[in-house]
Amino acid sequence: MIPENAMSTAARSSGAHGPLGAGRRPVVGVSLKLYFGLAATRKWLAEVAALQDAMAQLPRPVDLFVLPAFPALADARELLAGTGIAYGAQDVHWAETGAWTGEVSAGMLAEAGARYAAVGHAERRRHFGETDTTVAAKAGAAVRAGLVPVICAGERHDAGPARAVEETLTQVRAALGGTGPGSEVIIAYEPVWAIGAREPAPAQHVRTVATAVGACLRDHGVSGRVVYGGTAGPGTFGQLAGSVDGLFLGRLAHDTGSLRQVLEEVAAAGVPAPLPPTP
C-alpha cells in the first residue's frame, strides 16, 4: 500500500518550458537494464566517459545520462566524475525509509550522486504490477529528493495515433499528479509494441503523441522534455527533430560508437546550415 504522503508535491524548475525543439537543450538517455554484469558495466562506463572529448566538439551541447543497475552506481560515480555525463537509476521506491526489503529510496540515490531515476517502464508495469498510482508516487519521491524522474509512458498496442495519445496521456497525467507544478521531469514516450521491435514507431505517429505530451506538460506547469524510446538508434532523431527533445536508448547504445553517432545526430539537428559564400 502506498502511503498517503507519497503524493505530496515539489517545486523545481529547469527552464525547460516551451514548444518541443524550440531552443531547448537536447537530451539522450541510456538504460542498461539487466544486460551487463558488473565488469561489463564498468567497461562500458569507461567507454562512455571517453566520449567527453567528442561531446565537447559537438555543434551544440547535448545532455547525456546513463542508467546502470543499482550495484554499478558507485562505478558510475567513479568513472564518470568530471565528464559532465550524468547517471541515475532504473527504478526508485516511493518511501524514504521503513520496512521495504529490497527497495532503494530516492534519498539514497541522491546520496550516491544520481541525477535521474526512471519510473513506470512498461516492463515494470507488466512484470511487477506497477500502476499509474505507483508511478505517480515514485515520480513524486524522486522530485522531492532532487532527482529528475524519467517517466516512461506509452500505449501497449499499435492501434493508431489517436488511441496512442489517449493511453499515453492517461499515464502522463497520473504521473504528473505525483510531482506537482514547477517540477522538472523527462517524459520518455515508449510505445510498448515498438520496444525491441525491428523498427521504431513511424515518425508521424511519434510526432503526434509527442506534441500532445508537450502540451500536457505545459498545461500542468511542469518543466519537462520529451524523448522517444522504442528501438531508437542512429537515424531515428533525424526523422523526429523538432517534435522531441532527444532519445531514450537501450541495446543499440551498448555499442558506444552507435551512441556517439546518435549524439552527433542530435546535436546537428538543431544547428542552422551555413550560409553559402558570398560571390
# chains A, B, ... in the order shown; residues from 1 in each chain; ligands from 1
$ select_by_dssp --residues "segment 54-126 of chain A" --states "strand (DSSP E or B)" --output "list in words"
Asp63, Leu64, Phe65, Val66, Leu67, Ala86, Tyr87, Gly88, Ala89, His93, Ser105, Tyr116, Ala117, Ala118 and Val119 of chain A
$ atom_distance --atom1 "atom CA of Gly196 of chain A" --atom2 "atom CA of Ala49 of chain A"
26.1 Å
$ residues_around --residues "segment 106-121 of chain A" --least-positions-apart "5" --cutoff "8 Å" --atoms "only C-alpha atoms" --output "ChimeraX atom specification"
/A:65,67,73-74,77,86-94,96,130-132,135,138-139,141-142,145-153
$ atom_distance --atom1 "atom CA of Arg25 of chain A" --atom2 "atom CA of Pro234 of chain A"
19.0 Å
$ atom_distance --atom1 "atom CA of Phe248 of chain A" --atom2 "atom CA of Thr97 of chain A"
29.9 Å
$ closest_atom_pairs --of "segment 112-217 of chain A" --to "segment 249-253 of chain A" --cutoff "12 Å" --atoms "only C-alpha atoms" --output "Markdown table"
| residue | atom | partner | partner_atom | distance |
| --- | --- | --- | --- | --- |
| A:Ala188 | CA | A:Leu249 | CA | 10.0 |
| A:Tyr189 | CA | A:Leu249 | CA | 11.4 |
| A:Glu190 | CA | A:Leu249 | CA | 10.3 |
| A:Ile195 | CA | A:Gly250 | CA | 9.0 |
| A:Gly196 | CA | A:Arg251 | CA | 8.6 |
| A:Ala197 | CA | A:Arg251 | CA | 11.5 |
| A:Arg198 | CA | A:Leu252 | CA | 11.4 |
| A:Glu199 | CA | A:Leu252 | CA | 11.8 |
| A:Pro200 | CA | A:Leu249 | CA | 11.3 |
$ write_last_selection --atoms "N, CA and C atoms" --output "JSON list (two decimals), in the first residue's frame"
[["chain", "number", "residue", "atom", "x", "y", "z"],
["A", 188, "ALA", "N", 9.59, 9.92, -21.25],
["A", 188, "ALA", "CA", 10.10, 9.02, -22.28],
["A", 188, "ALA", "C", 8.91, 8.33, -22.93],
["A", 189, "TYR", "N", 8.57, 8.80, -24.13],
["A", 189, "TYR", "CA", 7.47, 8.16, -24.84],
["A", 189, "TYR", "C", 7.99, 6.88, -25.48],
["A", 190, "GLU", "N", 7.49, 5.75, -25.00],
["A", 190, "GLU", "CA", 7.93, 4.44, -25.49],
["A", 190, "GLU", "C", 6.70, 3.58, -25.80],
["A", 195, "ILE", "N", 9.08, -1.47, -28.49],
["A", 195, "ILE", "CA", 10.25, -1.81, -27.69],
["A", 195, "ILE", "C", 10.78, -3.17, -28.13],
["A", 196, "GLY", "N", 12.02, -3.21, -28.56],
["A", 196, "GLY", "CA", 12.62, -4.45, -29.01],
["A", 196, "GLY", "C", 12.19, -4.89, -30.40],
["A", 197, "ALA", "N", 11.44, -4.03, -31.10],
["A", 197, "ALA", "CA", 10.99, -4.37, -32.46],
["A", 197, "ALA", "C", 12.13, -4.14, -33.46],
["A", 198, "ARG", "N", 11.86, -4.47, -34.71],
["A", 198, "ARG", "CA", 12.88, -4.28, -35.74],
["A", 198, "ARG", "C", 13.04, -2.81, -36.12],
["A", 199, "GLU", "N", 11.95, -2.07, -36.02],
["A", 199, "GLU", "CA", 11.96, -0.67, -36.41],
["A", 199, "GLU", "C", 11.28, 0.17, -35.33],
["A", 200, "PRO", "N", 11.68, 1.44, -35.20],
["A", 200, "PRO", "CA", 10.95, 2.32, -34.29],
["A", 200, "PRO", "C", 9.55, 2.61, -34.81]]
